[in-house]
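Chemist: Okay, here's the structure, questions in a sec.
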2 protein chains.
Amino acid sequence: MKKLLLLAVCCIAISYCYAEDGYRLWLRYDKISNATIRQHYFQRLGSIHLPGNSATITLVKKELTTALSGLLANNIQFNQQGNFIVGTPSHIPEIKRYINNENLLALGSEGYMILAKKMNGNPHIIITANTDVALLYGVFNLIRLVQTNQSIDQLSITSIPKYKNRILNHWDNINRSVERGYAGISIWDWHKLPDYIDQRYIDYARANASIGINGTVLTNVNANAQFLTPVYLKKTAALADVFRPYGIKVYLTARFSAPIEIGGLKTADPLDADVQQWWKNKAKEIYQYIPDFGGFLVKANSEGQPGPQNYGRTHADGANMLADALAPFNGLVMWRAFVYDVRVQKANENFDSSSTVDHNAGDIASNDRFKQAYSEFKPLDGKFRNNVILQVKNGPIDFQPREPFSPLFGAMKATPLMMEFQVTQEYLGQATHLVFLPTLYKEILDADTYSNGKGSFVKEQLNGIAGVANIGNDRNWTGHPFHQSNWYGFGRLAWDPDLSSNTIAAEWIAQTFSNEAPFISTVTQMMLSSRETLVNYMTPLGLHHIMGNGHHYGPAPWSNNAPRADWNPVYYHKADKYGIGFNRTTSGTNALNQYAAQVRQQWEDSNSCSDEYILWFHHISWNHKMRSGKTLWEELCYRYNLGVDSVKAMQQQWNSVKKLVDEERSNQVTMLLNIQLKEAKWWRDACLSYFSSIAQLPIPPKYEQPEYSLEYYKSLQFPFAPGIGGHN
Amino acid sequence: MKKLLLLAVCCIAISYCYAEDGYRLWLRYDKISNATIRQHYFQRLGSIHLPGNSATITLVKKELTTALSGLLANNIQFNQQGNFIVGTPSHIPEIKRYINNENLLALGSEGYMILAKKMNGNPHIIITANTDVALLYGVFNLIRLVQTNQSIDQLSITSIPKYKNRILNHWDNINRSVERGYAGISIWDWHKLPDYIDQRYIDYARANASIGINGTVLTNVNANAQFLTPVYLKKTAALADVFRPYGIKVYLTARFSAPIEIGGLKTADPLDADVQQWWKNKAKEIYQYIPDFGGFLVKANSEGQPGPQNYGRTHADGANMLADALAPFNGLVMWRAFVYDVRVQKANENFDSSSTVDHNAGDIASNDRFKQAYSEFKPLDGKFRNNVILQVKNGPIDFQPREPFSPLFGAMKATPLMMEFQVTQEYLGQATHLVFLPTLYKEILDADTYSNGKGSFVKEQLNGIAGVANIGNDRNWTGHPFHQSNWYGFGRLAWDPDLSSNTIAAEWIAQTFSNEAPFISTVTQMMLSSRETLVNYMTPLGLHHIMGNGHHYGPAPWSNNAPRADWNPVYYHKADKYGIGFNRTTSGTNALNQYAAQVRQQWEDSNSCSDEYILWFHHISWNHKMRSGKTLWEELCYRYNLGVDSVKAMQQQWNSVKKLVDEERSNQVTMLLNIQLKEAKWWRDACLSYFSSIAQLPIPPKYEQPEYSLEYYKSLQFPFAPGIGGHN
């Protein structure tokens with residue numbers, strides 16, 4: 001106990017030290033300044049009855065000790081008389097006298113209750129659940145309440161996760177580079193595994209458990225078969241052993257051609273008996289190392305990855321073969337729907353090569369990339385084994401600042417679906433832009449597919465949520481201090497998609513920075529408006545995919561030399577003398593036809609389509625009258641400048657409150673906002689210069705004019721921008 | 001002051017927190033536990049007279065505040081009456097009354113004095129010097145005394161650096177990979193520079209200044225010309241601005257072919273007027289960005305790097321051209337002597353390609369790589385401009401666990417020389433072996449070249465010391481907690497090569513881990529014996545260069561398929577049925593002839609040559625009687641097993657004291673020692689299995705027999721081992 005007190009004493013203090021480096025994420029347990037609040041919490045929580053001795057219960061005890069002795073600056077006791085009770089009904093049968101059995105059963109294996117109840121006349125706080133891991137979730141919820149100084153006197157919380165699969169996808173390569181990673185290299189130090197367990201692995205598991213994430217795919221979807229060899233399975237098993245008590249399962253990406261690359265077979269044809277047997281044996285082998293292995297995530301026949309279509313088979317054939325291999329062990333196959341035009345792609349297997357433009361892809365009416373995932377998978381609806389989940393990106397193209405929801409949501413009535421969000425900011429300012437993504441996630445989750453009439457929201461069509469991680473080995477995990485909020489927000493929404501962005505932002509701020517009301521309110525505003533700000537200075541009015549090729553770092557709407565037509569910005573904005581935008585109506589590619597009638601109706605008429613989506617679906621004149629009364633060109637110039645002005649506003653907001661936080665993070669954010677402003681202007685000036693040259697319309701003089709010539713913006717090269725390639 | 005006290009309070013505590021992650025290096029300022037000692041220090045140091053307001057003085061004030069308020073857990077005062085005086089005679093003319101002018105002048109621009117003196121009858125502590133940066137050095141010395149609980153009552157320290165150039169070489173690539181780096185990626189985040197200043201840059205400068213390092217080469221010797229373009233010069237200038245007040249100059253590597261690659265010239269011939277003018281202009285441009293730019297480090301005509309010999313010119317021609325360009329700005333050219341057989345190398349320009357073995361290189365008598373640096377540079381002695389320093393690796397081959405000193409030391413009487421040590425552990429266990437390198441550094445620095453008769457030690461032949469950095473973006477900078485001691489020890493010896501390894505180890509331990517006597521004595525023993533331990537389990541008796549190709553990670557004495565003969569271990573050990581070792585006597589390649597007679601004599605007779613070097617210079621029979629009375633084969637088996645047993649002893653030593661340090665680092669070291677034992681056995685078993693097969697002699701049964709077959713050891717592949725390649 002002395003030791004724990006010591007721990008307490010220092011955790012009180014640490015936040016003031018020059019070591020406030022963001023490593024602790026939102027799990028900062030510094031002393032609550034208000035003594036009254038502290039004392040009150042201590043009366044309710046200082047004496048804990050926590051029976052059991054499983055690995056998970058041991059973690060619960062350690063976390064409670066660290067958190068409460070830190071926050072309350074007092075010596076926590078564990079004893080049977082404790083008035084803070086944490087246990088399952090099997091540990092504490094007495095609980096059944098206070099909570100009826102139905103409610104307990106309804107919690108399932110991950111839900112929990114936190115109740116303030118009088119027991120034997122005395123006020124108690126009770127955390128109960130059916131499993132130890134669910135208790136851990138409940139404990140983290142309680143800790144959050146204390147960190148954010150909420151009242152716990154009337155607690156009556158029942159929390160059950162909306163989705164069974166809440167999974168991070170790491171696009172981490174075997175050489176530790178991270179595809180689309182902007183926070184250093186992979187935290188998985190494969191070379192030192194399995195013998196060296198980095199403290200990061202443990203703190204990673206704590207952070208994920210604290211927000212309810214229960215799975216992690218360790219490896220890049222552009223997969224390397226080596227990960228399925230014994231040398232690497234031993235390494236993965238070591239990580240699984242660390243994560244298990246935190247309720248986190250590990251998954252791996254399966255390279256479809258692994259039977260050839262490491263199995264010595266001549267084919268990877270999913271209907272070939274030897275191939276099927278090879279995967280059955282491999283699955284058996286994996287489960288010998290990792291008894292609770294989660295399963296495979298697969299990217300097949302997309303961007304040069306091998307797949308069943310290389311053998312004339314369907315995605316269902318490929319997914320089902322793997323599903324059959326995993327079924328005996330209750331393993332899951334997460335099959336990605338991110339595929340496009342195999343024919344074109346085949347012509348460019350090595351899509352990093354600077355081969356010439358494939359003119360097939362110019363046949364846009366048939367190949368509109370928007371339509372391809374739906375075209376591939378809709379016909380396969382119902383043809384997948386029931387341990388296959390189709391993992392669908394939120395939008396039809398690729399994680400743009402704003403996309404309409406993918407038409408697959410609502411369309412696959414007989415196939416379980418998983419949402420794939422991007423937490424890392426590939427197209428969203430990468431390392432340096434403050435963008436709070438839960439507002440984007442919510443926009444998609446709350447969208448109505450009308451698949452079963454009004455109110456058929458996307459979030460109701462899902463069996464799980466995956467997020468492409470933004471985690472690296474930077475000291476603070478995510479590089480930009482605010483990017484931690486996207487990891488946090490992703491996890492919170494995967495557990496409860498009905499949470500508001502406002503709630504998530506406010507609780508994250510309080511845990512991560514400060515409980516001071518003016519700080520929370522100001523920074524919440526910054527965060528909630530940040531995504532719309534980014535849309536305005538990058539891709540307003542439904543523009544999409546106009547970034548530079550390869551690095552995806554800066555603007556390049558002029559770009560037209562990629563090996564595939566549909567990697568070119570000009571393919572997507574179609575700006576010409578007349579106007580701009582991609583006609584996806586009946587008079588165009590008719591991609592809108594992939595949506596339910598009511599969805600189609602809200603977007604198919606350029607006069608009623610909302611500004612946010614208009615250029616996604618319509619090619620309209622530069623003189624088109626917008627709702628604002630402005631012409632399209634005027635509106636475009638207005639939006640780009642609004643985006644830049646909004647970044648200036650964020651800077652003012654931060655400057656008004658930054659003195660309330662530690663110097664190190666305060667300066668970090670200040671420097672990063674300066675970069676964000678610089679880059680917002682870059683996006684505005686490069687895009688407006690280019691579109692102005694196409695439209696042959698001037699940027700109105702009332703706006704700040706571009707600092708450089710269009711030729712200058714075109715000349716910029718970024719061969720060493722982070723997150724590129726690593727397609728191994 | 002309140003803030004500072006707060007800072008104090010927390011720095012007292014931080015070391016107990018789970019954030020004891022090694023980030024603070026040896027600059028840990030936790031509260032001294034003994035109240036009496038603390039109080040005594042406070043009386044002497046708690047009231048500080050520190051006049052001046054330069055950037056450096058501001059840092060001095062901040063460092064003193066953080067250090068003393070932390071260590072003494074008390075509120076430090078700055079006032080003119082302070083009895084702790086820190087200032088130059090120009091700040092505090094009174095000092096001249098107590099210290100005579102000659103002594104002050106003798107300090108030069110970097111030396112300092114720390115004196116306990118009565119002034120006006122009262123005891124004072126005085127730190128004085130001729131420059132603010134030298135004051136900073138003195139302050140760090142005083143802080144070290146306090147950290148290590150030394151008495152300061154009788155202080156009379158005069159400290160002047162032995163060498164003017166004390167420089168770290170970062171083999172950091174533009175994409176942030178680090179060649180031969182084992183602690184993550186480069187700490188230079190080029191993409192976010194110049195606008196984002198990572199706290200690491202500041203703490204890097206603090207750490208270096210604390211040990212007297214005054215220069216840093218930011219970029220890999222396998223250079224990228226892009227670093228000389230304006231975009232990157234702006235980034236380098238931002239780092240230079242951070243380092244300047246800490247007395248640290250920045251240097252860059254100059255790619256010899258830059259005039260072609262970024263200058264648009266047709267040639268890089270050093271005698272071409274346009275090339276000379278291009279470098280003159282480039283130098284001028286660089287100094288506009290960085291007025292105190294240090295100069296260039298150059299690797300030319302070595303391992304595929306371009307150089308003057310591509311144009312039939314000499315190394316002197318190349319170095320002098322760059323020297324002339326830098327001379328107007330007092331810039332320095334550090335020209336590396338690490339070159340070997342241009343003829344062979346030219347046949348393999350791209351030395352990563354798996355081209356076939358070059359049989360020219362089989363002409364060993366003429367090409368013994370041992371001889372090549374001397375053969376190239378000895379004839380050029382005296383032909384270099386006086387702002388050129390020749391940078392010579394400690395040994396003739398390449399940073400092996402033990403090498404004789406390079407014959408160039410002592411031989412280049414008319415050319416300034418710089419020592420190049422490797423701090424990163426390319427051939428020394430890489431990421432996971434505890435090896436304290438100052439014992440290796442000392443062995444070389446204290447070696448006698450006899451160039452001017454007995455006592456002509458290597459350390460007396462030098463104008464500077466460079467160390468290839470072991471720093472990366474791992475949370476603790478160096479990966480293995482003990483690898484910090486090699487960064488520390490390198491810096492301490494670059495300032496004062498007469499320091500003992502024992503002193504360096506003991507003071508580092510006390511600052512980094514604990515002041516407890518049993519801990520210091522036990523861990524000092526571990527560290528002092530660690531290098532000999534490594535020599536024994538890797539390359540005993542003068543074996544060298546028997547590691548695996550490319551990755552250099554594990555043993556591969558059998559390896560014989562490199563594109564150059566002299567990249568093959570078999571080239572170096574020459575094991576055959578008769579015996580083993582490289583005959584470099586008159587009957588062999590006569591490389592010994594490159595040394596002074598007295599040096600030659602100590603090694604040229606296989607009967608008198610010491611065991612440590614015998615296989616460096618002699619090919620001797622497996623039955624050769626060693627001094628121990630054992631045959632060579634028995635001795636070899638004995639040494640390999642001794643190495644393994646010594647690692648077991650290190651484990652016991654660590655286990656006996658690890659409870660005295662924090663849990664996180666205690667566990668890290670325990671895990672790493674387990675890996676070191678595993679890998680020591682691997683080296684022993686792989687090497688003895690192979691040599692046994694050549695000698696056709698069995699490993700004596702009294703020794704642990706190899707766990708696997710020779711074929712197994714030969715089959716191991718490490719395509720993803722860290723630190724490989726990045727030859728950009």
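Labeling convention for the structure tokens: chains A, B, ... as they appear, residues from 1 per chain, ligands from 1 in order of appearance.
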For range 508-511 of chain A, list every protein, DNA or RNA residue within 7 Å, evaluated using only C-alpha atoms, and leave out those in the same chain fewer than 5 positions away; present the list as a list in words.
Modeler: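 So the residues in contact are Trp26, Leu27, Arg28, Gln147, Thr148, Ser485 and Ile520 of chain A.
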Chemist: Quick one: everything within 6 Å of range 122-134 of chain A, counting only C-alpha atoms, minus sequence neighbours fewer than 2 positions away in the same chain. Send it as a list in words.
Modeler: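 Using only C-alpha atoms, the neighbours found are Asn83, Phe84, Ile85, Val86, Gly87, Thr88, Ser109, Glu110, Gly111, Tyr112, Met113, Ile114, Leu115, Ala116, Lys117, Lys118, Met119, Asn120, Leu136, Tyr137 and Gly247 of chain A.
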Chemist: Export N, CA and C atoms of the chosen residues as a CSV table (one decimal), in the first residue's frame?
Modeler:
```csv
chain,number,residue,atom,x,y,z
A,83,ASN,N,-17.4,-0.4,0.4
A,83,ASN,CA,-18.8,0.1,-0.1
A,83,ASN,C,-18.7,0.4,-1.6
A,84,PHE,N,-17.6,0.1,-2.2
A,84,PHE,CA,-17.5,0.2,-3.6
A,84,PHE,C,-17.3,-1.3,-4.1
A,85,ILE,N,-18.3,-1.8,-4.7
A,85,ILE,CA,-18.3,-3.3,-5.0
A,85,ILE,C,-18.1,-3.5,-6.5
A,86,VAL,N,-17.1,-4.3,-6.8
A,86,VAL,CA,-16.9,-4.6,-8.2
A,86,VAL,C,-16.8,-6.1,-8.4
A,87,GLY,N,-17.8,-6.7,-9.1
A,87,GLY,CA,-17.7,-8.1,-9.2
A,87,GLY,C,-18.9,-8.7,-10.0
A,88,THR,N,-18.7,-9.9,-10.5
A,88,THR,CA,-19.8,-10.6,-11.2
A,88,THR,C,-20.7,-11.2,-10.1
A,109,SER,N,-22.0,-10.7,-22.6
A,109,SER,CA,-20.7,-11.0,-22.1
A,109,SER,C,-19.8,-9.7,-22.0
A,110,GLU,N,-20.4,-8.6,-22.6
A,110,GLU,CA,-19.5,-7.4,-22.5
A,110,GLU,C,-20.2,-6.2,-21.8
A,111,GLY,N,-21.5,-6.3,-21.6
A,111,GLY,CA,-22.2,-5.2,-21.0
A,111,GLY,C,-22.0,-5.1,-19.5
A,112,TYR,N,-22.3,-4.0,-18.9
A,112,TYR,CA,-22.1,-3.8,-17.5
A,112,TYR,C,-23.1,-2.9,-16.9
A,113,MET,N,-23.2,-2.9,-15.6
A,113,MET,CA,-24.0,-1.9,-14.8
A,113,MET,C,-23.2,-1.2,-13.8
A,114,ILE,N,-23.5,0.1,-13.6
A,114,ILE,CA,-22.9,0.8,-12.5
A,114,ILE,C,-24.0,1.5,-11.8
A,115,LEU,N,-24.2,1.1,-10.5
A,115,LEU,CA,-25.4,1.5,-9.8
A,115,LEU,C,-24.9,2.1,-8.4
A,116,ALA,N,-25.6,3.2,-8.1
A,116,ALA,CA,-25.5,3.7,-6.7
A,116,ALA,C,-26.7,3.1,-5.9
A,117,LYS,N,-26.5,2.2,-5.0
A,117,LYS,CA,-27.6,1.5,-4.3
A,117,LYS,C,-27.3,1.5,-2.8
A,118,LYS,N,-28.4,1.6,-2.0
A,118,LYS,CA,-28.2,1.3,-0.6
A,118,LYS,C,-28.2,-0.2,-0.4
A,119,MET,N,-27.2,-0.7,0.2
A,119,MET,CA,-27.1,-2.1,0.6
A,119,MET,C,-27.0,-2.2,2.1
A,120,ASN,N,-27.9,-3.0,2.7
A,120,ASN,CA,-28.0,-3.0,4.2
A,120,ASN,C,-28.0,-1.6,4.7
A,136,LEU,N,-14.1,-4.8,-16.3
A,136,LEU,CA,-13.0,-3.8,-16.7
A,136,LEU,C,-13.6,-2.7,-17.4
A,137,TYR,N,-14.5,-2.9,-18.4
A,137,TYR,CA,-15.1,-1.9,-19.1
A,137,TYR,C,-15.9,-0.9,-18.1
A,247,GLY,N,-9.3,-8.3,-23.0
A,247,GLY,CA,-10.5,-8.5,-23.8
A,247,GLY,C,-10.3,-8.2,-25.3
```
Chemist: If we count only C-alpha atoms, what is near range 256-265 of chain A at a cut-off of 10 Å, once residues fewer than 2 positions away on the same chain are taken out, given as an mmCIF file with C-alpha atoms, in the first residue's frame?
Modeler:
```cif
data_model
loop_
_atom_site.group_PDB
_atom_site.id
_atom_site.type_symbol
_atom_site.label_atom_id
_atom_site.label_comp_id
_atom_site.auth_asym_id
_atom_site.auth_seq_id
_atom_site.Cartn_x
_atom_site.Cartn_y
_atom_site.Cartn_z
ATOM 1 C CA ALA A 223 -0.420 -8.263 -46.680
ATOM 2 C CA ASN A 224 2.851 -10.088 -46.334
ATOM 3 C CA ALA A 225 2.573 -13.891 -46.236
ATOM 4 C CA GLN A 226 5.587 -14.048 -43.900
ATOM 5 C CA PHE A 227 3.281 -13.134 -41.028
ATOM 6 C CA LEU A 228 1.687 -16.574 -41.375
ATOM 7 C CA THR A 229 4.990 -18.415 -40.863
ATOM 8 C CA THR A 253 -4.344 -10.096 -42.722
ATOM 9 C CA ALA A 254 -4.265 -13.166 -44.955
ATOM 10 C CA THR A 267 -1.924 -22.185 -57.167
ATOM 11 C CA ALA A 268 -4.038 -20.284 -54.665
ATOM 12 C CA ASP A 269 -7.312 -21.188 -56.405
ATOM 13 C CA PRO A 270 -9.943 -21.258 -53.638
ATOM 14 C CA ASP A 274 -4.846 -28.682 -51.847
ATOM 15 C CA VAL A 275 -5.294 -24.947 -51.369
ATOM 16 C CA GLN A 276 -8.330 -25.498 -49.162
ATOM 17 C CA GLN A 277 -6.426 -28.072 -47.127
ATOM 18 C CA TRP A 278 -3.425 -25.763 -46.825
ATOM 19 C CA TRP A 279 -5.593 -23.049 -45.284
ATOM 20 C CA LYS A 282 -2.650 -23.138 -41.441
ATOM 21 C CA VAL A 298 -8.553 -9.791 -46.419
ATOM 22 C CA LYS A 299 -7.994 -7.311 -49.203
ATOM 23 C CA ALA A 300 -8.340 -9.311 -52.412
ATOM 24 C CA ASN A 301 -8.270 -8.354 -56.084
ATOM 25 C CA GLN A 305 -3.448 -7.682 -54.266
ATOM 26 C CA PRO A 306 -4.031 -11.298 -55.346
ATOM 27 C CA GLY A 307 -7.477 -12.818 -54.953
ATOM 28 C CA PRO A 308 -9.967 -15.398 -56.159
ATOM 29 C CA ASN A 310 -7.066 -14.358 -60.485
ATOM 30 C CA GLY A 318 -12.402 -16.807 -51.712
ATOM 31 C CA ALA A 319 -14.010 -15.659 -48.496
ATOM 32 C CA LEU A 322 -11.038 -19.044 -45.550
#
```
Chemist: Run DSSP on the backbone of this structure and report the residues of range 272-317 of chain B it assigns to strand (DSSP E or B), as number ranges by chain.
Modeler: B: 295-298
Chemist: Save out the residues we just selected, all heavy atoms, as a JSON list (two decimals), in the first residue's frame.
Modeler:
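Listed below is the output, selection_21.json:
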```
[["chain", "number", "residue", "atom", "x", "y", "z"],
["B", 295, "GLY", "N", 30.20, 22.65, -41.42],
["B", 295, "GLY", "CA", 30.93, 22.17, -42.60],
["B", 295, "GLY", "C", 30.39, 20.84, -43.10],
["B", 295, "GLY", "O", 29.28, 20.43, -42.76],
["B", 296, "PHE", "N", 31.23, 20.17, -43.92],
["B", 296, "PHE", "CA", 30.80, 18.94, -44.58],
["B", 296, "PHE", "C", 31.53, 17.72, -44.05],
["B", 296, "PHE", "O", 32.73, 17.78, -43.76],
["B", 296, "PHE", "CB", 31.09, 19.01, -46.09],
["B", 296, "PHE", "CG", 30.27, 20.03, -46.84],
["B", 296, "PHE", "CD1", 30.88, 20.86, -47.78],
["B", 296, "PHE", "CD2", 28.90, 20.14, -46.64],
["B", 296, "PHE", "CE1", 30.14, 21.79, -48.50],
["B", 296, "PHE", "CE2", 28.15, 21.07, -47.35],
["B", 296, "PHE", "CZ", 28.77, 21.90, -48.29],
["B", 297, "LEU", "N", 30.81, 16.61, -43.95],
["B", 297, "LEU", "CA", 31.41, 15.30, -43.78],
["B", 297, "LEU", "C", 31.24, 14.57, -45.11],
["B", 297, "LEU", "O", 30.15, 14.61, -45.69],
["B", 297, "LEU", "CB", 30.72, 14.53, -42.66],
["B", 297, "LEU", "CG", 31.11, 13.06, -42.46],
["B", 297, "LEU", "CD1", 32.57, 12.92, -42.08],
["B", 297, "LEU", "CD2", 30.21, 12.42, -41.40],
["B", 298, "VAL", "N", 32.31, 13.94, -45.59],
["B", 298, "VAL", "CA", 32.25, 13.35, -46.92],
["B", 298, "VAL", "C", 32.75, 11.90, -46.92],
["B", 298, "VAL", "O", 33.82, 11.59, -46.41],
["B", 298, "VAL", "CB", 33.11, 14.16, -47.93],
["B", 298, "VAL", "CG1", 32.95, 13.58, -49.33],
["B", 298, "VAL", "CG2", 32.72, 15.63, -47.91]]
```
Chemist: So how many Å separate CA of Gly184 in chain A and CA of His191 in chain B, to one decimal?
Modeler: 11.4 Å
Chemist: What's around Glu460 in chain B at 12 Å? Count only C-alpha atoms, leave out sequence neighbours fewer than 3 positions away in its own chain, and write the answer as a list in words.
Modeler: Lys162, Tyr163, Phe409, Gly410, Lys413, Pro416, Leu417, Met418, Met419, Ile444, Leu445, Asp446, Ala447, Asp448, Thr449, Tyr450, Ser451, Asn452, Gly455, Ser456, Phe457, Asn463, Gly464, Ile465, Asp496, Pro497 and Asp498 of chain B
Chemist: So, counting only C-alpha atoms, which residue among B:Arg639, B:Arg475, B:Arg402, B:Lys574 is closest to Trp683 in chain B?
Modeler: B:Arg639
Chemist: Please provide as a list in words all residues within 8 Å of range 366-380 of chain B, with the sequence filter that same-chain residues fewer than 3 positions apart are discarded (counting only C-alpha atoms).
Modeler: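 Listed by chain and then number, they are His315, Ala316, Ala337, Phe338, Val339, Tyr340, Asp341, Ala361, Gly362, Asp363, Lys383, Phe384, Pro396, Ile397, Pro407, Leu408, Ala411, Met412, Asp566, Thr589, Ala591 and Gln594 of chain B.
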Chemist: Could you state the separation of CA of Asp662 in chain A and CA of Glu20 in chain B in Å, given to one decimal place?
Modeler: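 Answer for the CA of Asp662 in chain A to CA of Glu20 in chain B separation: 19.1 Å.
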Chemist: Given the choices B:Val647, B:Asn560, B:Asn149, B:Trp171, which gets closest to Glu516 in chain B if the distance is worked out from only C-alpha atoms?
Modeler: B:Asn149
Chemist: Give me, please, the distance in Å between CA of Leu428 in chain B and CA of Gly550 in chain B, quoted to one decimal.
Modeler: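 Computing the Euclidean distance for CA of Leu428 in chain B and CA of Gly550 in chain B yields 14.6 Å.
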Chemist: Taking 6 positions as the minimum chain separation for residues in the same chain, which residues sit within 10 Å of Lys714 in chain B when counting only C-alpha atoms? Answer as a PyMOL selection string.
Modeler: chain B and resi 548+555-559+686+690
Chemist: Given the choices B:Gln668, B:Ser90, B:Thr158, B:Gln425, which gets closest to chain A if the distance is worked out from only C-alpha atoms?
Modeler: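 Between B:Gln668, B:Ser90, B:Thr158, B:Gln425, the residue approaching chain A most closely is B:Gln668.
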Chemist: List the spatial neighbours of range 429-435 of chain A as a list of chain:residue names - criterion: any atom at most 8 Å away, only C-alpha atoms, same-chain residues fewer than 4 positions off excluded.
Modeler: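 Here the answer would be A:Tyr182, A:Ala183, A:Thr424, A:Gln425, A:Gly479, A:His480, A:Phe482, A:His483, A:Met527, A:Ser530, A:Arg531, A:Leu534, A:Tyr553, A:Leu672, A:Leu673, A:Ile675, A:Gln676.
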Chemist: Rank nothing, just name the residue among A:Thr56, A:Asn486, A:Asn386, A:Gln199 nearest to Ile211 in chain A, using only C-alpha atoms.
Modeler: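 When distances to Ile211 in chain A are compared using only C-alpha atoms, the smallest one comes from A:Asn486.
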Chemist: My list of candidates is B:Ile504, B:Met671, B:Val657, B:Leu50. Which is closest to chain A when distances are computed with only C-alpha atoms?
Modeler: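 Closest to chain A, using only C-alpha atoms: B:Met671.
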